[in-house]
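To be precise, the following lines are run-v6.txt, and they hold compact mmCIF, N, CA and C atoms.
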```
# COMPACT_ATOMS: atom_id res chain seq x y z
N PHE Z 1 80.61 -32.44 -22.40
CA PHE Z 1 79.44 -32.68 -23.23
C PHE Z 1 78.95 -34.13 -23.14
N PRO Z 2 79.83 -35.15 -23.26
CA PRO Z 2 79.34 -36.53 -23.14
C PRO Z 2 78.73 -36.80 -21.76
N ALA Z 3 79.26 -36.14 -20.73
CA ALA Z 3 78.70 -36.35 -19.39
C ALA Z 3 77.28 -35.84 -19.30
N ILE Z 4 76.97 -34.75 -20.00
CA ILE Z 4 75.61 -34.21 -19.99
C ILE Z 4 74.66 -35.18 -20.66
N ILE Z 5 75.05 -35.73 -21.80
CA ILE Z 5 74.19 -36.67 -22.52
C ILE Z 5 73.96 -37.92 -21.67
N VAL Z 6 75.04 -38.45 -21.07
CA VAL Z 6 74.89 -39.63 -20.22
C VAL Z 6 73.96 -39.33 -19.05
N THR Z 7 74.11 -38.17 -18.43
CA THR Z 7 73.25 -37.79 -17.31
C THR Z 7 71.81 -37.67 -17.74
N VAL Z 8 71.56 -37.05 -18.90
CA VAL Z 8 70.19 -36.91 -19.39
C VAL Z 8 69.58 -38.28 -19.66
N VAL Z 9 70.34 -39.18 -20.30
CA VAL Z 9 69.83 -40.52 -20.61
C VAL Z 9 69.52 -41.28 -19.32
N VAL Z 10 70.43 -41.23 -18.34
CA VAL Z 10 70.20 -41.91 -17.07
C VAL Z 10 68.96 -41.35 -16.37
N MET Z 11 68.78 -40.04 -16.38
CA MET Z 11 67.61 -39.44 -15.72
C MET Z 11 66.33 -39.87 -16.44
N CYS Z 12 66.36 -39.95 -17.77
CA CYS Z 12 65.18 -40.39 -18.52
C CYS Z 12 64.83 -41.82 -18.16
N VAL Z 13 65.86 -42.69 -18.05
CA VAL Z 13 65.61 -44.09 -17.69
C VAL Z 13 65.03 -44.16 -16.28
N ILE Z 14 65.58 -43.38 -15.36
CA ILE Z 14 65.09 -43.38 -13.98
C ILE Z 14 63.65 -42.89 -13.92
N PHE Z 15 63.36 -41.75 -14.57
CA PHE Z 15 61.99 -41.22 -14.57
C PHE Z 15 61.03 -42.18 -15.26
N GLY Z 16 61.49 -42.80 -16.35
CA GLY Z 16 60.65 -43.78 -17.05
C GLY Z 16 60.33 -44.96 -16.15
N GLY Z 17 61.31 -45.44 -15.39
CA GLY Z 17 61.08 -46.55 -14.45
C GLY Z 17 60.13 -46.16 -13.33
N ILE Z 18 60.29 -44.94 -12.82
CA ILE Z 18 59.40 -44.47 -11.76
C ILE Z 18 57.97 -44.39 -12.27
N ILE Z 19 57.79 -43.84 -13.45
CA ILE Z 19 56.45 -43.71 -14.02
C ILE Z 19 55.85 -45.10 -14.29
N ALA Z 20 56.64 -46.01 -14.86
CA ALA Z 20 56.15 -47.36 -15.15
C ALA Z 20 55.75 -48.07 -13.85
N ALA Z 21 56.58 -47.96 -12.81
CA ALA Z 21 56.26 -48.59 -11.52
C ALA Z 21 55.01 -47.98 -10.92
N TRP Z 22 54.88 -46.67 -11.02
CA TRP Z 22 53.71 -45.99 -10.48
C TRP Z 22 52.45 -46.48 -11.16
N LYS Z 23 52.51 -46.61 -12.51
CA LYS Z 23 51.34 -47.09 -13.25
C LYS Z 23 51.03 -48.54 -12.91
N MET Z 24 52.06 -49.37 -12.73
CA MET Z 24 51.83 -50.78 -12.40
C MET Z 24 51.25 -50.94 -11.00
N LEU Z 25 51.54 -50.02 -10.12
CA LEU Z 25 51.05 -50.10 -8.74
C LEU Z 25 49.70 -49.42 -8.57
N GLY Z 26 49.05 -49.07 -9.67
CA GLY Z 26 47.68 -48.56 -9.58
C GLY Z 26 47.57 -47.06 -9.46
N GLY Z 27 48.52 -46.32 -10.01
CA GLY Z 27 48.42 -44.86 -9.97
C GLY Z 27 47.19 -44.40 -10.74
N ARG Z 28 46.58 -43.33 -10.29
CA ARG Z 28 45.39 -42.81 -10.95
C ARG Z 28 45.80 -41.70 -11.90
N ALA Z 29 44.99 -41.48 -12.95
CA ALA Z 29 45.28 -40.47 -13.97
C ALA Z 29 45.36 -39.07 -13.38
N SER Z 30 44.64 -38.85 -12.27
CA SER Z 30 44.65 -37.51 -11.68
C SER Z 30 45.94 -37.23 -10.92
N GLU Z 31 46.80 -38.24 -10.79
CA GLU Z 31 48.06 -38.07 -10.08
C GLU Z 31 49.24 -38.10 -11.05
N ARG Z 32 49.15 -37.37 -12.12
CA ARG Z 32 50.18 -37.36 -13.14
C ARG Z 32 51.46 -36.72 -12.63
N VAL Z 33 52.56 -37.20 -13.17
CA VAL Z 33 53.86 -36.63 -12.87
C VAL Z 33 54.29 -35.82 -14.08
N ASP Z 34 54.53 -34.53 -13.89
CA ASP Z 34 54.98 -33.68 -14.98
C ASP Z 34 56.51 -33.65 -14.98
N ILE Z 35 57.05 -33.86 -16.15
CA ILE Z 35 58.50 -33.84 -16.32
C ILE Z 35 58.83 -32.75 -17.32
N ASN Z 36 59.73 -31.89 -16.96
CA ASN Z 36 60.18 -30.87 -17.91
C ASN Z 36 61.13 -31.56 -18.87
N ILE Z 37 60.66 -31.83 -20.09
CA ILE Z 37 61.42 -32.65 -21.02
C ILE Z 37 62.60 -31.94 -21.64
N SER Z 38 62.77 -30.67 -21.36
CA SER Z 38 63.86 -29.98 -22.02
C SER Z 38 64.87 -29.38 -21.05
N THR Z 39 64.77 -29.64 -19.78
CA THR Z 39 65.70 -29.06 -18.82
C THR Z 39 66.82 -30.05 -18.52
N PRO Z 40 68.06 -29.72 -18.78
CA PRO Z 40 69.15 -30.62 -18.46
C PRO Z 40 69.31 -30.76 -16.95
N THR Z 41 70.01 -31.82 -16.52
CA THR Z 41 70.15 -32.09 -15.09
C THR Z 41 71.20 -31.21 -14.43
N THR Z 42 72.02 -30.52 -15.20
CA THR Z 42 72.99 -29.60 -14.62
C THR Z 42 72.41 -28.19 -14.62
N SER Z 43 73.00 -27.34 -13.85
CA SER Z 43 72.52 -25.95 -13.82
C SER Z 43 73.01 -25.23 -15.06
N PRO Z 44 72.10 -24.96 -16.00
CA PRO Z 44 72.55 -24.34 -17.25
C PRO Z 44 72.74 -22.84 -17.14
N SER Z 45 73.52 -22.33 -18.04
CA SER Z 45 73.65 -20.90 -18.22
C SER Z 45 72.98 -20.60 -19.55
N ILE Z 46 71.75 -20.13 -19.51
CA ILE Z 46 70.96 -19.95 -20.73
C ILE Z 46 71.48 -18.77 -21.53
N ASN Z 47 71.66 -19.03 -22.82
CA ASN Z 47 72.07 -17.99 -23.75
C ASN Z 47 70.89 -17.02 -23.91
N ARG Z 48 71.01 -15.81 -23.51
CA ARG Z 48 69.91 -14.84 -23.51
C ARG Z 48 69.89 -13.96 -24.77
N THR Z 49 70.52 -14.44 -25.83
CA THR Z 49 70.51 -13.69 -27.08
C THR Z 49 69.08 -13.57 -27.59
N PRO Z 50 68.61 -12.37 -27.92
CA PRO Z 50 67.23 -12.24 -28.42
C PRO Z 50 67.03 -13.06 -29.69
N VAL Z 51 65.86 -13.68 -29.75
CA VAL Z 51 65.53 -14.51 -30.90
C VAL Z 51 64.49 -13.78 -31.73
N PRO Z 52 64.70 -13.68 -33.03
CA PRO Z 52 63.73 -12.97 -33.86
C PRO Z 52 62.37 -13.67 -33.81
N THR Z 53 61.32 -12.88 -33.77
CA THR Z 53 59.97 -13.42 -33.78
C THR Z 53 59.63 -13.83 -35.20
N ARG Z 54 59.03 -15.04 -35.33
CA ARG Z 54 58.64 -15.53 -36.63
C ARG Z 54 57.13 -15.66 -36.70
N THR Z 55 56.61 -15.58 -37.88
CA THR Z 55 55.18 -15.78 -38.09
C THR Z 55 54.86 -17.25 -37.84
N PRO Z 56 53.83 -17.55 -37.04
CA PRO Z 56 53.52 -18.95 -36.75
C PRO Z 56 53.22 -19.74 -38.03
N ASP Z 57 53.67 -21.00 -38.01
CA ASP Z 57 53.37 -21.90 -39.13
C ASP Z 57 51.88 -22.22 -39.14
N VAL Z 58 51.32 -22.40 -40.32
CA VAL Z 58 49.91 -22.76 -40.44
C VAL Z 58 49.84 -24.22 -40.87
N ASP Z 59 49.30 -25.06 -40.01
CA ASP Z 59 49.12 -26.48 -40.28
C ASP Z 59 47.92 -26.91 -39.46
N GLU Z 60 46.88 -27.41 -40.12
CA GLU Z 60 45.64 -27.73 -39.41
C GLU Z 60 45.81 -28.81 -38.35
N ARG Z 61 46.86 -29.64 -38.48
CA ARG Z 61 47.07 -30.71 -37.50
C ARG Z 61 47.82 -30.23 -36.26
N TRP Z 62 48.33 -29.02 -36.30
CA TRP Z 62 49.17 -28.50 -35.22
C TRP Z 62 48.65 -27.17 -34.70
N GLN Z 63 48.88 -26.94 -33.42
CA GLN Z 63 48.69 -25.60 -32.88
C GLN Z 63 49.86 -24.77 -33.41
N PRO Z 64 49.78 -23.44 -33.39
CA PRO Z 64 50.91 -22.64 -33.90
C PRO Z 64 52.21 -22.99 -33.17
N ILE Z 65 53.30 -23.05 -33.92
CA ILE Z 65 54.61 -23.33 -33.35
C ILE Z 65 55.02 -22.12 -32.50
N ASP Z 66 55.53 -22.40 -31.30
CA ASP Z 66 55.98 -21.34 -30.40
C ASP Z 66 57.51 -21.31 -30.45
N TYR Z 67 58.08 -20.22 -30.94
CA TYR Z 67 59.52 -20.13 -31.13
C TYR Z 67 60.26 -19.69 -29.88
N ASN Z 68 59.57 -19.59 -28.75
CA ASN Z 68 60.20 -19.24 -27.47
C ASN Z 68 59.50 -19.95 -26.33
N ALA Z 69 59.43 -21.29 -26.40
CA ALA Z 69 58.75 -22.05 -25.34
C ALA Z 69 59.32 -23.46 -25.24
N THR Z 70 59.22 -24.01 -24.05
CA THR Z 70 59.55 -25.41 -23.78
C THR Z 70 58.28 -26.10 -23.29
N LEU Z 71 58.18 -27.41 -23.53
CA LEU Z 71 57.00 -28.16 -23.12
C LEU Z 71 57.25 -28.94 -21.85
N PHE Z 72 56.20 -29.20 -21.11
CA PHE Z 72 56.21 -30.11 -19.98
C PHE Z 72 55.40 -31.33 -20.39
N GLY Z 73 55.78 -32.49 -19.92
CA GLY Z 73 55.03 -33.70 -20.25
C GLY Z 73 55.87 -34.93 -20.07
N THR Z 74 55.56 -35.96 -20.85
CA THR Z 74 56.24 -37.24 -20.76
C THR Z 74 57.09 -37.43 -22.01
N ASN Z 75 58.36 -37.75 -21.78
CA ASN Z 75 59.31 -37.95 -22.85
C ASN Z 75 59.02 -39.22 -23.63
N LEU Z 76 58.97 -39.13 -24.94
CA LEU Z 76 58.85 -40.30 -25.80
C LEU Z 76 60.26 -40.71 -26.24
N THR Z 77 61.02 -39.74 -26.73
CA THR Z 77 62.41 -39.96 -27.13
C THR Z 77 63.08 -38.61 -27.29
N PHE Z 78 64.39 -38.62 -27.39
CA PHE Z 78 65.14 -37.40 -27.69
C PHE Z 78 66.40 -37.78 -28.44
N TYR Z 79 66.89 -36.86 -29.22
CA TYR Z 79 68.07 -37.12 -30.03
C TYR Z 79 68.63 -35.79 -30.52
N ARG Z 80 69.83 -35.85 -31.06
CA ARG Z 80 70.45 -34.66 -31.63
C ARG Z 80 69.59 -34.17 -32.78
N GLY Z 81 69.15 -32.93 -32.71
CA GLY Z 81 68.22 -32.40 -33.71
C GLY Z 81 68.93 -31.64 -34.82
N THR Z 82 68.15 -31.19 -35.75
CA THR Z 82 68.70 -30.39 -36.84
C THR Z 82 67.95 -29.07 -36.94
N THR Z 83 66.66 -29.13 -37.25
CA THR Z 83 65.84 -27.93 -37.39
C THR Z 83 64.50 -28.18 -36.72
N PRO Z 84 63.77 -27.11 -36.38
CA PRO Z 84 62.43 -27.31 -35.81
C PRO Z 84 61.50 -28.00 -36.81
N GLU Z 85 61.69 -27.74 -38.09
CA GLU Z 85 60.86 -28.37 -39.10
C GLU Z 85 61.07 -29.89 -39.12
N GLN Z 86 62.32 -30.32 -38.99
CA GLN Z 86 62.61 -31.76 -38.98
C GLN Z 86 62.08 -32.41 -37.71
N CYS Z 87 62.24 -31.73 -36.58
CA CYS Z 87 61.74 -32.25 -35.30
C CYS Z 87 60.21 -32.40 -35.38
N LYS Z 88 59.54 -31.40 -35.94
CA LYS Z 88 58.09 -31.45 -36.11
C LYS Z 88 57.70 -32.59 -37.05
N ALA Z 89 58.43 -32.75 -38.15
CA ALA Z 89 58.14 -33.82 -39.11
C ALA Z 89 58.30 -35.20 -38.47
N ASP Z 90 59.33 -35.36 -37.63
CA ASP Z 90 59.53 -36.63 -36.93
C ASP Z 90 58.36 -36.92 -35.98
N CYS Z 91 57.87 -35.89 -35.32
CA CYS Z 91 56.71 -36.05 -34.43
C CYS Z 91 55.46 -36.35 -35.26
N ASP Z 92 55.34 -35.70 -36.38
CA ASP Z 92 54.16 -35.84 -37.24
C ASP Z 92 53.96 -37.29 -37.70
N VAL Z 93 55.04 -38.00 -37.99
CA VAL Z 93 54.92 -39.37 -38.49
C VAL Z 93 54.86 -40.41 -37.37
N ASN Z 94 55.02 -39.99 -36.12
CA ASN Z 94 54.96 -40.91 -34.99
C ASN Z 94 53.59 -40.79 -34.33
N PRO Z 95 52.74 -41.82 -34.42
CA PRO Z 95 51.38 -41.72 -33.86
C PRO Z 95 51.35 -41.53 -32.34
N ASN Z 96 52.44 -41.87 -31.64
CA ASN Z 96 52.49 -41.70 -30.19
C ASN Z 96 52.96 -40.31 -29.78
N CYS Z 97 53.43 -39.54 -30.73
CA CYS Z 97 53.97 -38.21 -30.43
C CYS Z 97 52.86 -37.17 -30.39
N LYS Z 98 52.82 -36.40 -29.30
CA LYS Z 98 51.81 -35.35 -29.12
C LYS Z 98 52.40 -33.95 -29.24
N GLY Z 99 53.74 -33.85 -29.22
CA GLY Z 99 54.38 -32.55 -29.34
C GLY Z 99 55.89 -32.69 -29.35
N PHE Z 100 56.58 -31.60 -29.65
CA PHE Z 100 58.04 -31.62 -29.70
C PHE Z 100 58.61 -30.34 -29.10
N THR Z 101 59.84 -30.46 -28.64
CA THR Z 101 60.64 -29.29 -28.24
C THR Z 101 62.01 -29.45 -28.87
N LEU Z 102 62.47 -28.42 -29.57
CA LEU Z 102 63.82 -28.39 -30.09
C LEU Z 102 64.61 -27.39 -29.26
N ILE Z 103 65.62 -27.87 -28.56
CA ILE Z 103 66.50 -26.96 -27.82
C ILE Z 103 67.51 -26.41 -28.82
N ARG Z 104 67.60 -25.10 -28.88
CA ARG Z 104 68.50 -24.45 -29.84
C ARG Z 104 69.96 -24.81 -29.54
N ALA Z 105 70.75 -24.89 -30.59
CA ALA Z 105 72.19 -25.11 -30.44
C ALA Z 105 72.77 -24.01 -29.56
N GLY Z 106 73.57 -24.39 -28.58
CA GLY Z 106 74.21 -23.42 -27.70
C GLY Z 106 73.30 -22.77 -26.69
N ALA Z 107 72.09 -23.25 -26.52
CA ALA Z 107 71.15 -22.62 -25.58
C ALA Z 107 71.63 -22.71 -24.14
N TYR Z 108 72.29 -23.80 -23.77
CA TYR Z 108 72.76 -23.97 -22.40
C TYR Z 108 74.28 -23.86 -22.30
N ASN Z 109 74.97 -24.41 -23.28
CA ASN Z 109 76.42 -24.33 -23.35
C ASN Z 109 76.78 -24.00 -24.80
N PRO Z 110 77.79 -23.18 -25.02
CA PRO Z 110 78.10 -22.73 -26.38
C PRO Z 110 78.33 -23.86 -27.40
N THR Z 111 78.83 -25.01 -26.95
CA THR Z 111 79.14 -26.10 -27.89
C THR Z 111 78.02 -27.13 -28.03
N ASP Z 112 76.91 -26.96 -27.32
CA ASP Z 112 75.81 -27.94 -27.40
C ASP Z 112 75.15 -27.92 -28.77
N PRO Z 113 74.88 -29.11 -29.32
CA PRO Z 113 74.14 -29.16 -30.58
C PRO Z 113 72.65 -28.97 -30.30
N PRO Z 114 71.85 -28.75 -31.33
CA PRO Z 114 70.40 -28.71 -31.09
C PRO Z 114 69.94 -30.11 -30.68
N MET Z 115 68.94 -30.17 -29.79
CA MET Z 115 68.39 -31.45 -29.33
C MET Z 115 66.89 -31.45 -29.56
N CYS Z 116 66.38 -32.53 -30.14
CA CYS Z 116 64.95 -32.67 -30.40
C CYS Z 116 64.36 -33.63 -29.37
N TYR Z 117 63.32 -33.19 -28.68
CA TYR Z 117 62.59 -34.02 -27.73
C TYR Z 117 61.18 -34.24 -28.26
N LEU Z 118 60.75 -35.48 -28.37
CA LEU Z 118 59.38 -35.81 -28.75
C LEU Z 118 58.64 -36.24 -27.49
N ALA Z 119 57.41 -35.75 -27.33
CA ALA Z 119 56.65 -36.03 -26.12
C ALA Z 119 55.43 -36.89 -26.44
N SER Z 120 55.19 -37.90 -25.59
CA SER Z 120 54.01 -38.74 -25.74
C SER Z 120 52.82 -38.12 -25.02
N GLU Z 121 53.09 -37.15 -24.17
CA GLU Z 121 52.04 -36.43 -23.46
C GLU Z 121 52.54 -35.02 -23.19
N VAL Z 122 51.69 -34.04 -23.43
CA VAL Z 122 52.04 -32.64 -23.17
C VAL Z 122 51.09 -32.11 -22.11
N THR Z 123 51.64 -31.67 -20.98
CA THR Z 123 50.81 -31.18 -19.88
C THR Z 123 50.89 -29.67 -19.70
N GLY Z 124 51.79 -29.02 -20.41
CA GLY Z 124 51.90 -27.57 -20.30
C GLY Z 124 53.12 -27.07 -21.03
N SER Z 125 53.33 -25.76 -20.97
CA SER Z 125 54.49 -25.16 -21.60
C SER Z 125 54.96 -23.98 -20.76
N ASN Z 126 56.15 -23.51 -21.06
CA ASN Z 126 56.73 -22.40 -20.34
C ASN Z 126 57.52 -21.54 -21.33
N ALA Z 127 57.37 -20.24 -21.24
CA ALA Z 127 58.13 -19.34 -22.10
C ALA Z 127 59.62 -19.50 -21.80
N SER Z 128 60.40 -19.67 -22.85
CA SER Z 128 61.84 -19.82 -22.67
C SER Z 128 62.54 -19.53 -23.99
N PRO Z 129 63.60 -18.72 -23.96
CA PRO Z 129 64.33 -18.43 -25.19
C PRO Z 129 65.16 -19.62 -25.69
N CYS Z 130 65.23 -20.69 -24.91
CA CYS Z 130 66.07 -21.83 -25.28
C CYS Z 130 65.47 -22.68 -26.39
N CYS Z 131 64.13 -22.61 -26.53
CA CYS Z 131 63.48 -23.70 -27.24
C CYS Z 131 62.41 -23.25 -28.23
N ILE Z 132 62.13 -24.19 -29.15
CA ILE Z 132 61.04 -24.05 -30.12
C ILE Z 132 60.16 -25.27 -29.91
N SER Z 133 58.86 -25.05 -29.72
CA SER Z 133 57.97 -26.17 -29.39
C SER Z 133 56.70 -26.13 -30.22
N GLY Z 134 56.14 -27.32 -30.40
CA GLY Z 134 54.88 -27.45 -31.10
C GLY Z 134 54.05 -28.56 -30.49
N VAL Z 135 52.73 -28.41 -30.54
CA VAL Z 135 51.80 -29.39 -29.97
C VAL Z 135 50.78 -29.74 -31.05
N LYS Z 136 50.53 -31.05 -31.20
CA LYS Z 136 49.50 -31.49 -32.14
C LYS Z 136 48.14 -31.14 -31.57
N LYS Z 137 47.18 -30.85 -32.46
CA LYS Z 137 45.81 -30.55 -32.03
C LYS Z 137 45.10 -31.84 -31.61
```

Would you write out, as structure tokens, the structure that this file holds?
Amino acid sequence: FPAIIVTVVVMCVIFGGIIAAWKMLGGRASERVDINISTPTTSPSINRTPVPTRTPDVDERWQPIDYNATLFGTNLTFYRGTTPEQCKADCDVNPNCKGFTLIRAGAYNPTDPPMCYLASEVTGSNASPCCISGVKK
């Protein structure tokens, strides 16, 4: 488990450096790099347990929360999460945050805790039973 966290942190630093260097060297907005902010660097074994469908949350500042999706975009930060509501609230108070993904506890490995990823840019999403995601309007 600690090796996964170290690997994820190192990959985020590397991708952040690549993106910063690209921007400093005159990269154009049309040449964006999409990063899947919720995929670990190891080959996961996704827990395929069916997840109950929930009624979307109603909040005028947010698009409906997707209880079976992961986001693509640029990582702002990530940390051990608690609930999708808390992850959303953390994004809500951060003016640089455009969306969040909460990876469910045990989604990749049975002992993994939930992880909250906040995104500074959201470029797309993908259906996945691993995650709960939300995007600000």

(request) For Tyr79 in chain Z, list every protein, DNA or RNA residue within 6 Å, evaluated using all atoms listed in the file, and leave out those in the same chain fewer than 5 positions away; present the list as JSON, numbers by chain. (result) {"Z": [114, 115, 116, 117]}

(message) Excluding Cys97 in chain Z and its own-chain neighbours fewer than 6 positions away, which residues fall within 6 Å of it when counting all atoms listed in the file? Please give them as number ranges by chain.
(response) Z: 91, 118-120

(request) Tell me, in Å to one decimal, how far CA of Thr123 in chain Z is from CA of Lys136 in chain Z. (result)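 Separation of CA of Thr123 in chain Z and CA of Lys136 in chain Z: 12.3 Å.
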
(request) Using only N, CA and C atoms, pick whichever of Z:Thr101, Z:Thr111, Z:Thr7, Z:Thr83 has the shortest atom-to-atom distance to Leu71 in chain Z. (result) Z:Thr101

(request) Enter the distance from CA of Gly99 in chain Z to CA of Thr70 in chain Z, in Å, rounded to one decimal. (result) 10.4 Å

Centre and edge lengths of an axis-aligned box around all listed atoms of range 107-124 of chain Z, with 5 Å added on each side, are to be given in Å to one decimal, as lines of an AutoDock Vina configuration file.
```
center_x = 65.0
center_y = -30.7
center_z = -25.5
size_x = 38.3
size_y = 26.1
size_z = 21.6
```
